[in-house]
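Since the structure comes first, as structure tokens, the remarks are kept for the end.
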Amino acid sequence: MDRKYCPSCGQEVPLERTLQGNYLMIACKNCGLGLGVKLASADELRRLSAPEQPSLARVEVVKRSRTIAAAVEKPAPPDPRSAAPRQATPPPAPAADLEAMKRETEGGPVRQMSQVMLAEDSQFLRQITRDLLLSQQLAKEVVDCEDGEAFVEAYTRALVDGNRPDLVVLDVRMPGLDGQQAAFAMRAVETALGQKRTPILFFSAVLCDEPFKAILKELGNARYIRKSEDGDAQQLGERIVSVLGRLVGAR
Amino acid sequence: MAKERILVGQDDAIVEAAKPLMAKLDAGIELVAVGDGARCIVAFTKLLRAGKPPLLVALDDDLARIDGEGCARAMRAIERAFGADSVAVLFYAAGAADPSRSALLKTLGRAVHLPRREEGTDAQALRMVKAFAKLLKQVRGQ
């Protein structure tokens with residue numbers, strides 16, 4: 001029995017796994033949620049049956065009252081544009097901005113970011129975004145923070161240590177220091193320490209209205225993704241990775 | 001001799017009136033006023049990096065970009081990143097501290113709330129300087 005984050009209650013709980021035909025059934029002991037993970041291949045079965053966290057290469061979620069059926073499919077075949085193995089790609093220079101990051105990778109090999117810093121108060125969303133970023137090889141390392149204060153602390157420490165992340169992903173609504181204030185604090189710390197502006201990707205359930213567009217402009221080097229309307233965490237995790245993938249030329 | 005600093009997240013006529021009063025009270029202290037929350041964080045981080053943290057930080061609740069509460073939370077995070085001690089914080093805001101403010105003061109530690117009163121600029125400046133003097137006494141006494 002493993003301890004995993006339940007996508008329903010968000011708690012780290014013991015998850016019981018049993019095989020039923022083509023499905024790996026996972027049950028949460030805390031809230032009673034049942035997960036049916038469709039096994040696409042023998043390889044997938046081996047991976048999912050391994051004690052490590054299953055790869056979340058691609059997850060499709062269908063909600064049925066309190067039951068979620070998740071179909072894990074085979075990862076997409078490698079992009080023919082990226083003939084060279086990813087490990088052979090030389091370490092990337094720090095991205096100057098989101099546009100430059102996109103330009104420099106268009107039509108070229110996949111650019112893997114060294115580090116992404118993520119601030120999100122939902123434990124499950126942090127976990128799934130982290131897993132997706134790593135499994136899609138968009139980032140070598142993901143530093144995740146549970147709120148705006150933890151993020152400002154981690155980001156300041158990273159700058160002081162000369163370990164600036166390539167990208168920051170911020171939830172807009174967080175308790176305490178929200179994403180917008182955390183972003184302004186982050187820019188203030190950059191100014192104080194004479195550092196470049198790290199690209200910011202916001203995600204939120206609220207529409208990107210004119211006032212928020214003005215904030216993005218003022219922050220500079222910042223983009224926005226809207227969370228799905230039904231608040232589906234896995235769908236959002238996929239959207240974030242999809243946008244990042246396009247930005248860095250992975251999709 | 002370099003002056004010690006009080007960082008004030010509020011840049012208005014009250015702070016301007018408080019500057020000469022503070023200088024009269026203690027010539028070794030300089031009031032550094034900044035007009036918004038982001039500038040306050042810039043100034044605070046620069047001082048911490050230089051190893052010269054302010055003696056205390058006074059914050060208006062209604063600062064632009066990052067409000068007083070957000071500033072205080074960000075400052076505590078930056079202090080932790082630098083491994084620095086907590087700087088005393090004084091919130092200068094309308095009304096008495098409500099339960100959520102009291103909880104915030106407890107969370108932040110070394111933080112007090114000074115209610116703003118409807119009175120003239122000079123009277124408000126005097127109240128501000130008196131509050132600074134009281135807090136400085138506590139800070140220096142530790």
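By order in the structure tokens, chains are A, B, ...; within a chain, residues start at 1; ligands start at 1, following the order shown.
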Closest-contact table, chain A side, partner chain B, 12 Å, counting only C-alpha atoms, as a tab-separated table:
```
residue	atom	partner	partner_atom	distance
A:Asp147	CA	B:Ala77	CA	11.0
A:Gly148	CA	B:Ala74	CA	8.2
A:Glu149	CA	B:Ala77	CA	5.6
A:Ala150	CA	B:Ala77	CA	6.8
A:Phe151	CA	B:Ala77	CA	8.3
A:Val152	CA	B:Ala77	CA	6.0
A:Glu153	CA	B:Ala77	CA	4.6
A:Ala154	CA	B:Ala81	CA	6.9
A:Tyr155	CA	B:Ala81	CA	8.4
A:Thr156	CA	B:Ala81	CA	6.0
A:Arg157	CA	B:Ala81	CA	5.0
A:Ala158	CA	B:Ala81	CA	8.7
A:Leu159	CA	B:Ala81	CA	9.8
A:Val160	CA	B:Phe82	CA	8.1
A:Asp161	CA	B:Ala81	CA	10.1
A:Met174	CA	B:Gly70	CA	11.8
A:Pro175	CA	B:Gly70	CA	10.7
A:Gly176	CA	B:Gly70	CA	7.3
A:Leu177	CA	B:Gly70	CA	5.5
A:Asp178	CA	B:Gly70	CA	8.1
A:Gly179	CA	B:Gly70	CA	10.6
A:Gln180	CA	B:Arg65	CA	8.4
A:Gln181	CA	B:Ile66	CA	5.3
A:Ala182	CA	B:Ala74	CA	7.5
A:Ala183	CA	B:Ile66	CA	9.5
A:Phe184	CA	B:Ala38	CA	6.1
A:Ala185	CA	B:Ala38	CA	6.1
A:Met186	CA	B:Ala38	CA	9.0
A:Arg187	CA	B:Ala38	CA	8.0
A:Ala188	CA	B:Val42	CA	4.9
A:Val189	CA	B:Val42	CA	5.9
A:Glu190	CA	B:Val42	CA	8.3
A:Thr191	CA	B:Val42	CA	6.5
A:Ala192	CA	B:Val42	CA	5.0
A:Leu193	CA	B:Lys46	CA	7.1
A:Gly194	CA	B:Lys46	CA	9.8
A:Phe212	CA	B:Arg65	CA	11.8
A:Ala214	CA	B:Arg65	CA	11.7
A:Ile215	CA	B:Arg65	CA	9.0
A:Glu218	CA	B:Arg65	CA	10.1
A:Leu219	CA	B:Arg65	CA	10.3
```
Kindly save the residues from that selection, with N, CA and C atoms included, as a CSV table (one decimal), in the first residue's frame.
```
chain,number,residue,atom,x,y,z
A,147,ASP,N,2.4,28.3,-0.6
A,147,ASP,CA,1.8,29.6,-0.6
A,147,ASP,C,2.7,30.7,-1.0
A,148,GLY,N,2.2,32.0,-1.1
A,148,GLY,CA,3.0,33.1,-1.6
A,148,GLY,C,4.2,33.4,-0.7
A,149,GLU,N,4.1,33.2,0.6
A,149,GLU,CA,5.2,33.5,1.5
A,149,GLU,C,6.3,32.5,1.3
A,150,ALA,N,6.0,31.3,1.2
A,150,ALA,CA,7.0,30.2,1.0
A,150,ALA,C,7.7,30.5,-0.3
A,151,PHE,N,6.9,30.9,-1.3
A,151,PHE,CA,7.5,31.2,-2.6
A,151,PHE,C,8.5,32.4,-2.5
A,152,VAL,N,8.1,33.5,-1.9
A,152,VAL,CA,9.0,34.6,-1.8
A,152,VAL,C,10.3,34.2,-1.1
A,153,GLU,N,10.1,33.4,-0.1
A,153,GLU,CA,11.3,33.0,0.7
A,153,GLU,C,12.2,32.1,-0.2
A,154,ALA,N,11.6,31.2,-0.9
A,154,ALA,CA,12.4,30.3,-1.8
A,154,ALA,C,13.0,31.0,-2.9
A,155,TYR,N,12.3,32.0,-3.5
A,155,TYR,CA,12.8,32.7,-4.7
A,155,TYR,C,13.9,33.6,-4.2
A,156,THR,N,13.8,34.3,-3.1
A,156,THR,CA,14.8,35.2,-2.6
A,156,THR,C,16.1,34.4,-2.3
A,157,ARG,N,15.9,33.2,-1.7
A,157,ARG,CA,17.1,32.4,-1.4
A,157,ARG,C,17.7,31.9,-2.7
A,158,ALA,N,16.9,31.6,-3.7
A,158,ALA,CA,17.5,31.1,-5.0
A,158,ALA,C,18.3,32.2,-5.6
A,159,LEU,N,17.8,33.4,-5.5
A,159,LEU,CA,18.6,34.6,-6.1
A,159,LEU,C,19.9,34.8,-5.3
A,160,VAL,N,19.8,34.8,-4.0
A,160,VAL,CA,21.0,35.0,-3.2
A,160,VAL,C,22.0,33.9,-3.5
A,161,ASP,N,21.5,32.7,-3.7
A,161,ASP,CA,22.5,31.6,-4.0
A,161,ASP,C,22.9,31.5,-5.4
A,174,MET,N,-4.2,32.7,-3.5
A,174,MET,CA,-3.6,31.9,-2.5
A,174,MET,C,-3.9,32.6,-1.1
A,175,PRO,N,-4.0,31.8,-0.1
A,175,PRO,CA,-4.2,32.5,1.2
A,175,PRO,C,-2.9,33.3,1.6
A,176,GLY,N,-3.1,34.3,2.4
A,176,GLY,CA,-2.0,35.1,2.9
A,176,GLY,C,-1.5,36.0,1.8
A,177,LEU,N,-0.3,35.8,1.3
A,177,LEU,CA,0.2,36.6,0.2
A,177,LEU,C,-0.3,35.9,-1.1
A,178,ASP,N,-1.2,36.6,-1.8
A,178,ASP,CA,-1.7,36.0,-3.1
A,178,ASP,C,-0.7,36.1,-4.2
A,179,GLY,N,-1.0,35.5,-5.3
A,179,GLY,CA,-0.1,35.4,-6.5
A,179,GLY,C,0.4,36.7,-7.0
A,180,GLN,N,-0.6,37.7,-7.1
A,180,GLN,CA,-0.3,39.0,-7.6
A,180,GLN,C,0.7,39.7,-6.7
A,181,GLN,N,0.5,39.7,-5.4
A,181,GLN,CA,1.4,40.4,-4.5
A,181,GLN,C,2.7,39.7,-4.4
A,182,ALA,N,2.7,38.3,-4.5
A,182,ALA,CA,3.9,37.6,-4.5
A,182,ALA,C,4.8,37.9,-5.7
A,183,ALA,N,4.1,38.2,-6.8
A,183,ALA,CA,4.8,38.5,-8.1
A,183,ALA,C,5.4,39.9,-7.9
A,184,PHE,N,4.7,40.9,-7.3
A,184,PHE,CA,5.3,42.2,-7.1
A,184,PHE,C,6.5,42.1,-6.1
A,185,ALA,N,6.3,41.3,-5.1
A,185,ALA,CA,7.4,41.1,-4.1
A,185,ALA,C,8.6,40.5,-4.8
A,186,MET,N,8.3,39.5,-5.7
A,186,MET,CA,9.4,38.9,-6.5
A,186,MET,C,10.2,39.9,-7.3
A,187,ARG,N,9.4,40.7,-8.0
A,187,ARG,CA,10.0,41.8,-8.9
A,187,ARG,C,10.8,42.7,-8.0
A,188,ALA,N,10.3,43.1,-6.8
A,188,ALA,CA,11.0,44.0,-5.9
A,188,ALA,C,12.3,43.4,-5.5
A,189,VAL,N,12.3,42.1,-5.2
A,189,VAL,CA,13.5,41.4,-4.7
A,189,VAL,C,14.6,41.4,-5.9
A,190,GLU,N,14.1,41.1,-7.1
A,190,GLU,CA,15.0,41.2,-8.3
A,190,GLU,C,15.6,42.5,-8.4
A,191,THR,N,14.8,43.6,-8.3
A,191,THR,CA,15.3,44.9,-8.4
A,191,THR,C,16.4,45.2,-7.3
A,192,ALA,N,16.1,44.8,-6.1
A,192,ALA,CA,17.0,45.1,-4.9
A,192,ALA,C,18.3,44.3,-5.1
A,193,LEU,N,18.2,43.1,-5.7
A,193,LEU,CA,19.4,42.3,-5.9
A,193,LEU,C,20.1,42.5,-7.2
A,194,GLY,N,19.5,43.4,-8.0
A,194,GLY,CA,20.1,43.7,-9.4
A,194,GLY,C,20.1,42.5,-10.3
A,212,PHE,N,-6.2,43.1,-14.6
A,212,PHE,CA,-5.1,42.1,-14.5
A,212,PHE,C,-4.2,42.2,-15.7
A,214,ALA,N,-3.3,44.9,-17.1
A,214,ALA,CA,-2.4,46.0,-16.7
A,214,ALA,C,-1.3,45.6,-15.8
A,215,ILE,N,-1.7,44.7,-14.8
A,215,ILE,CA,-0.8,44.2,-13.9
A,215,ILE,C,0.3,43.3,-14.6
A,218,GLU,N,2.6,45.7,-16.2
A,218,GLU,CA,3.5,46.3,-15.2
A,218,GLU,C,4.6,45.4,-14.7
A,219,LEU,N,4.2,44.1,-14.5
A,219,LEU,CA,5.2,43.2,-13.9
A,219,LEU,C,6.2,42.9,-15.0
```
Which of region 18-117 of chain B counts as alpha helix (DSSP H) under DSSP, as a compact mmCIF listing (two decimals) with N, CA and C atoms, in the first residue's frame please?
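states38.txt written:
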```
# COMPACT_ATOMS: atom_id res chain seq x y z
N ALA B 18 6.36 64.21 10.17
CA ALA B 18 6.98 63.39 11.22
C ALA B 18 8.50 63.43 11.17
N LYS B 19 9.05 63.69 9.99
CA LYS B 19 10.53 63.64 9.84
C LYS B 19 11.25 64.61 10.78
N PRO B 20 10.90 65.91 10.79
CA PRO B 20 11.62 66.82 11.72
C PRO B 20 11.34 66.48 13.18
N LEU B 21 10.15 65.99 13.47
CA LEU B 21 9.84 65.61 14.86
C LEU B 21 10.74 64.45 15.30
N MET B 22 10.92 63.51 14.41
CA MET B 22 11.76 62.35 14.72
C MET B 22 13.22 62.78 14.89
N ALA B 23 13.64 63.70 14.00
CA ALA B 23 15.03 64.19 14.08
C ALA B 23 15.27 64.90 15.41
N LYS B 24 14.24 65.61 15.87
CA LYS B 24 14.35 66.31 17.15
C LYS B 24 14.45 65.32 18.30
N LEU B 25 13.68 64.25 18.18
CA LEU B 25 13.64 63.23 19.24
C LEU B 25 14.92 62.42 19.30
N GLY B 37 3.98 49.50 -1.80
CA GLY B 37 4.46 48.26 -1.20
C GLY B 37 5.67 47.66 -1.90
N ALA B 38 5.68 47.73 -3.22
CA ALA B 38 6.79 47.13 -3.96
C ALA B 38 8.10 47.89 -3.65
N ARG B 39 8.01 49.22 -3.61
CA ARG B 39 9.22 50.01 -3.28
C ARG B 39 9.68 49.73 -1.86
N CYS B 40 8.71 49.48 -1.01
CA CYS B 40 9.04 49.17 0.38
C CYS B 40 9.85 47.87 0.45
N ILE B 41 9.44 46.89 -0.35
CA ILE B 41 10.17 45.60 -0.37
C ILE B 41 11.57 45.79 -0.98
N VAL B 42 11.66 46.64 -2.01
CA VAL B 42 12.98 46.91 -2.60
C VAL B 42 13.91 47.50 -1.53
N ALA B 43 13.42 48.54 -0.85
CA ALA B 43 14.24 49.21 0.17
C ALA B 43 14.61 48.25 1.30
N PHE B 44 13.64 47.48 1.73
CA PHE B 44 13.87 46.55 2.83
C PHE B 44 14.93 45.51 2.45
N THR B 45 14.79 44.95 1.25
CA THR B 45 15.73 43.91 0.80
C THR B 45 17.15 44.48 0.66
N LYS B 46 17.24 45.70 0.13
CA LYS B 46 18.56 46.33 0.00
C LYS B 46 19.22 46.51 1.36
N LEU B 47 18.43 46.95 2.33
CA LEU B 47 18.98 47.16 3.67
C LEU B 47 19.42 45.83 4.30
N LEU B 48 18.59 44.81 4.11
CA LEU B 48 18.96 43.49 4.67
C LEU B 48 20.23 42.97 4.01
N ARG B 49 20.31 43.14 2.70
CA ARG B 49 21.48 42.65 1.98
C ARG B 49 22.75 43.38 2.43
N GLY B 68 -0.28 46.68 3.05
CA GLY B 68 0.53 46.60 4.27
C GLY B 68 0.71 45.17 4.76
N GLU B 69 -0.39 44.42 4.78
CA GLU B 69 -0.31 43.03 5.24
C GLU B 69 0.60 42.21 4.32
N GLY B 70 0.41 42.37 3.02
CA GLY B 70 1.23 41.64 2.06
C GLY B 70 2.70 41.98 2.21
N CYS B 71 2.98 43.27 2.44
CA CYS B 71 4.36 43.72 2.63
C CYS B 71 4.99 43.03 3.84
N ALA B 72 4.23 43.01 4.93
CA ALA B 72 4.75 42.41 6.16
C ALA B 72 5.02 40.92 5.96
N ARG B 73 4.10 40.24 5.29
CA ARG B 73 4.29 38.81 5.03
C ARG B 73 5.51 38.57 4.14
N ALA B 74 5.64 39.40 3.10
CA ALA B 74 6.79 39.25 2.19
C ALA B 74 8.10 39.55 2.94
N MET B 75 8.07 40.55 3.81
CA MET B 75 9.28 40.89 4.57
C MET B 75 9.72 39.74 5.47
N ARG B 76 8.75 39.10 6.11
CA ARG B 76 9.10 37.96 6.97
C ARG B 76 9.73 36.84 6.13
N ALA B 77 9.19 36.64 4.93
CA ALA B 77 9.73 35.61 4.04
C ALA B 77 11.16 35.96 3.63
N ILE B 78 11.40 37.23 3.33
CA ILE B 78 12.73 37.67 2.89
C ILE B 78 13.72 37.58 4.06
N GLU B 79 13.25 37.93 5.25
CA GLU B 79 14.11 37.77 6.44
C GLU B 79 14.56 36.32 6.60
N ARG B 80 13.61 35.40 6.43
CA ARG B 80 13.95 33.97 6.57
C ARG B 80 14.97 33.56 5.50
N ALA B 81 14.78 34.09 4.29
CA ALA B 81 15.72 33.74 3.20
C ALA B 81 17.13 34.23 3.50
N PHE B 82 17.23 35.39 4.15
CA PHE B 82 18.54 35.94 4.48
C PHE B 82 19.06 35.41 5.83
N PRO B 99 -10.28 40.97 14.84
CA PRO B 99 -9.72 39.64 15.11
C PRO B 99 -8.74 39.14 14.04
N SER B 100 -9.04 39.46 12.77
CA SER B 100 -8.12 38.97 11.72
C SER B 100 -6.78 39.70 11.81
N ARG B 101 -6.82 40.99 12.16
CA ARG B 101 -5.56 41.74 12.33
C ARG B 101 -4.79 41.20 13.54
N SER B 102 -5.53 40.90 14.62
CA SER B 102 -4.87 40.36 15.81
C SER B 102 -4.19 39.04 15.49
N ALA B 103 -4.88 38.21 14.68
CA ALA B 103 -4.30 36.92 14.29
C ALA B 103 -3.05 37.14 13.44
N LEU B 104 -3.11 38.13 12.56
CA LEU B 104 -1.96 38.44 11.70
C LEU B 104 -0.77 38.88 12.55
N LEU B 105 -1.04 39.77 13.54
CA LEU B 105 0.05 40.27 14.39
C LEU B 105 0.73 39.10 15.11
N LYS B 106 -0.09 38.14 15.53
CA LYS B 106 0.44 36.97 16.23
C LYS B 106 1.29 36.12 15.27
N THR B 107 0.77 35.94 14.07
CA THR B 107 1.49 35.14 13.06
C THR B 107 2.84 35.78 12.72
N LEU B 108 2.80 37.09 12.51
CA LEU B 108 4.02 37.80 12.11
C LEU B 108 5.04 37.84 13.24
```
Surrounding residues of Arg226 (chain A) excluding itself and chain neighbours under 2 positions, 6 Å, only C-alpha atoms, as a ChimeraX atom specification: /A:203-205
Would you write out those residues with N, CA and C atoms, as a short mmCIF file (atom, residue, chain, number, x, y, z; two decimals), in the first residue's frame?
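part_24.cif, written as the output of this step:
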```
data_model
loop_
_atom_site.label_atom_id
_atom_site.label_comp_id
_atom_site.auth_asym_id
_atom_site.auth_seq_id
_atom_site.Cartn_x
_atom_site.Cartn_y
_atom_site.Cartn_z
N PHE A 203 -1.73 31.31 -13.18
CA PHE A 203 -2.95 30.59 -13.53
C PHE A 203 -4.01 30.87 -12.49
N SER A 204 -5.24 31.02 -13.01
CA SER A 204 -6.33 31.39 -12.12
C SER A 204 -7.66 30.96 -12.69
N ALA A 205 -8.65 30.82 -11.81
CA ALA A 205 -10.01 30.50 -12.26
C ALA A 205 -10.72 31.75 -12.76
#
```
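Taking CA of Thr121 (chain B) and CA of Ala13 (chain B) as the two end points, the separation is 6.9 Å.
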Selection near Ala131 (chain B), 9 Å with only C-alpha atoms, sequence-local residues under 5 positions removed, as a PyMOL selection string: chain B and resi 90+114+126+136
Those residues you just picked out, can you put them in a file as an mmCIF file, in the first residue's frame with N, CA, C and O atoms?
```cif
data_model
loop_
_atom_site.group_PDB
_atom_site.id
_atom_site.type_symbol
_atom_site.label_atom_id
_atom_site.label_comp_id
_atom_site.auth_asym_id
_atom_site.auth_seq_id
_atom_site.Cartn_x
_atom_site.Cartn_y
_atom_site.Cartn_z
ATOM 1 N N LEU B 90 5.084 48.009 12.503
ATOM 2 C CA LEU B 90 3.970 48.784 13.044
ATOM 3 C C LEU B 90 2.977 49.049 11.915
ATOM 4 O O LEU B 90 3.336 49.637 10.898
ATOM 5 N N LEU B 114 -1.340 50.390 15.156
ATOM 6 C CA LEU B 114 -1.623 51.743 15.646
ATOM 7 C C LEU B 114 -2.837 52.282 14.899
ATOM 8 O O LEU B 114 -2.771 52.497 13.687
ATOM 9 N N LEU B 126 2.602 63.590 15.125
ATOM 10 C CA LEU B 126 3.073 63.498 16.508
ATOM 11 C C LEU B 126 2.748 62.124 17.097
ATOM 12 O O LEU B 126 3.585 61.517 17.771
ATOM 13 N N LEU B 136 10.679 51.802 19.587
ATOM 14 C CA LEU B 136 12.150 51.797 19.569
ATOM 15 C C LEU B 136 12.708 51.455 20.945
ATOM 16 O O LEU B 136 13.725 50.770 21.068
#
```
Exercise: region 50-60 of chain B partners within 6 Å, only C-alpha atoms, chain neighbours under 4 positions left out, as a list in words: Arg5, Ile6, Leu7, Val8, Gly9, Gln10, Gly68, Val87, Ala88, Val89, Leu90, Phe91, Tyr92 and Ala93 of chain B
Residue selection dump (N, CA, C and O atoms) as a CSV table (one decimal), in the first residue's frame:
```
chain,number,residue,atom,x,y,z
B,5,ARG,N,17.8,53.5,10.5
B,5,ARG,CA,16.7,53.9,9.7
B,5,ARG,C,15.4,53.2,10.2
B,5,ARG,O,15.4,52.1,10.8
B,6,ILE,N,14.3,54.0,10.1
B,6,ILE,CA,13.0,53.5,10.2
B,6,ILE,C,12.4,53.6,8.8
B,6,ILE,O,12.3,54.6,8.2
B,7,LEU,N,12.0,52.4,8.3
B,7,LEU,CA,11.4,52.4,6.9
B,7,LEU,C,9.9,52.6,7.1
B,7,LEU,O,9.2,51.9,7.8
B,8,VAL,N,9.4,53.6,6.4
B,8,VAL,CA,7.9,53.9,6.4
B,8,VAL,C,7.3,53.7,5.1
B,8,VAL,O,7.6,54.3,4.1
B,9,GLY,N,6.4,52.7,5.1
B,9,GLY,CA,5.6,52.4,3.9
B,9,GLY,C,4.4,53.4,3.8
B,9,GLY,O,3.3,52.9,4.0
B,10,GLN,N,4.6,54.6,3.5
B,10,GLN,CA,3.6,55.6,3.4
B,10,GLN,C,4.4,56.9,3.1
B,10,GLN,O,5.3,57.2,3.8
B,68,GLY,N,-0.3,46.7,3.0
B,68,GLY,CA,0.5,46.6,4.3
B,68,GLY,C,0.7,45.2,4.8
B,68,GLY,O,1.8,44.8,5.1
B,87,VAL,N,12.3,42.0,12.0
B,87,VAL,CA,12.3,43.5,12.3
B,87,VAL,C,10.9,43.8,12.8
B,87,VAL,O,9.9,43.3,12.3
B,88,ALA,N,10.8,44.7,13.8
B,88,ALA,CA,9.5,45.1,14.3
B,88,ALA,C,8.7,45.8,13.3
B,88,ALA,O,9.2,46.6,12.5
B,89,VAL,N,7.4,45.5,13.3
B,89,VAL,CA,6.5,46.1,12.3
B,89,VAL,C,5.4,46.8,13.0
B,89,VAL,O,4.8,46.3,14.0
B,90,LEU,N,5.1,48.0,12.5
B,90,LEU,CA,4.0,48.8,13.0
B,90,LEU,C,3.0,49.0,11.9
B,90,LEU,O,3.3,49.6,10.9
B,91,PHE,N,1.8,48.6,12.1
B,91,PHE,CA,0.7,48.8,11.1
B,91,PHE,C,0.0,50.1,11.5
B,91,PHE,O,-0.4,50.3,12.6
B,92,TYR,N,-0.1,51.0,10.5
B,92,TYR,CA,-0.8,52.3,10.8
B,92,TYR,C,-2.0,52.3,9.9
B,92,TYR,O,-2.0,52.4,8.7
B,93,ALA,N,-3.2,52.1,10.6
B,93,ALA,CA,-4.4,51.9,9.8
B,93,ALA,C,-5.6,52.4,10.5
B,93,ALA,O,-5.6,52.6,11.7
```
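Rounded to one decimal, CA of Gly109 (chain B) and CA of Ala2 (chain B) lie 27.8 Å from each other.
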Hey, what does DSSP flag as strand (DSSP E) within chain B? Can you give it to me as an mmCIF file with C-alpha atoms, in the first residue's frame?
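Result written to selection-v9.cif:
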```cif
data_model
loop_
_atom_site.group_PDB
_atom_site.id
_atom_site.type_symbol
_atom_site.label_atom_id
_atom_site.label_comp_id
_atom_site.auth_asym_id
_atom_site.auth_seq_id
_atom_site.Cartn_x
_atom_site.Cartn_y
_atom_site.Cartn_z
ATOM 1 C CA GLU B 4 19.866 54.076 11.751
ATOM 2 C CA ARG B 5 16.684 53.850 9.729
ATOM 3 C CA ILE B 6 12.968 53.508 10.191
ATOM 4 C CA LEU B 7 11.371 52.387 6.944
ATOM 5 C CA VAL B 8 7.933 53.915 6.448
ATOM 6 C CA GLY B 9 5.604 52.447 3.859
ATOM 7 C CA ILE B 29 17.499 58.073 13.222
ATOM 8 C CA GLU B 30 16.363 58.737 9.674
ATOM 9 C CA LEU B 31 12.831 58.157 8.415
ATOM 10 C CA VAL B 32 12.943 56.583 4.950
ATOM 11 C CA ALA B 33 9.537 56.975 3.289
ATOM 12 C CA VAL B 34 8.429 54.935 0.282
ATOM 13 C CA LEU B 56 11.463 49.085 12.490
ATOM 14 C CA VAL B 57 9.071 49.186 9.572
ATOM 15 C CA ALA B 58 5.838 51.200 9.656
ATOM 16 C CA LEU B 59 3.227 50.185 7.100
ATOM 17 C CA ASP B 60 0.064 51.850 5.923
ATOM 18 C CA ALA B 88 9.545 45.092 14.349
ATOM 19 C CA VAL B 89 6.505 46.074 12.274
ATOM 20 C CA LEU B 90 3.970 48.784 13.044
ATOM 21 C CA PHE B 91 0.712 48.845 11.095
ATOM 22 C CA TYR B 92 -0.782 52.300 10.757
ATOM 23 C CA ALA B 93 -4.422 51.856 9.820
ATOM 24 C CA ALA B 94 -7.936 53.131 10.296
ATOM 25 C CA ALA B 111 4.164 43.473 15.132
ATOM 26 C CA VAL B 112 1.790 46.091 16.561
ATOM 27 C CA HIS B 113 -1.236 47.986 15.301
ATOM 28 C CA LEU B 114 -1.623 51.743 15.646
ATOM 29 C CA PRO B 115 -5.149 52.979 14.915
ATOM 30 C CA ARG B 116 -5.303 56.042 12.718
#
```
Show me, as a CSV table (one decimal) with C-alpha atoms, in the first residue's frame, the residues that have an atom within 6 Å of Ala125 (chain B) when counting only C-alpha atoms, minus same-chain residues fewer than 2 positions from it.
```csv
chain,number,residue,atom,x,y,z
B,14,ILE,CA,2.0,63.1,7.7
B,17,ALA,CA,5.7,66.3,9.2
B,18,ALA,CA,7.0,63.4,11.2
B,122,ASP,CA,0.5,67.6,12.7
B,123,ALA,CA,-1.4,65.7,15.4
B,127,ARG,CA,1.1,60.3,17.3
B,128,MET,CA,3.2,58.4,14.8
```
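Here CA of Gly237 (chain A) and CA of Asn163 (chain A) stand 24.9 Å from one another.
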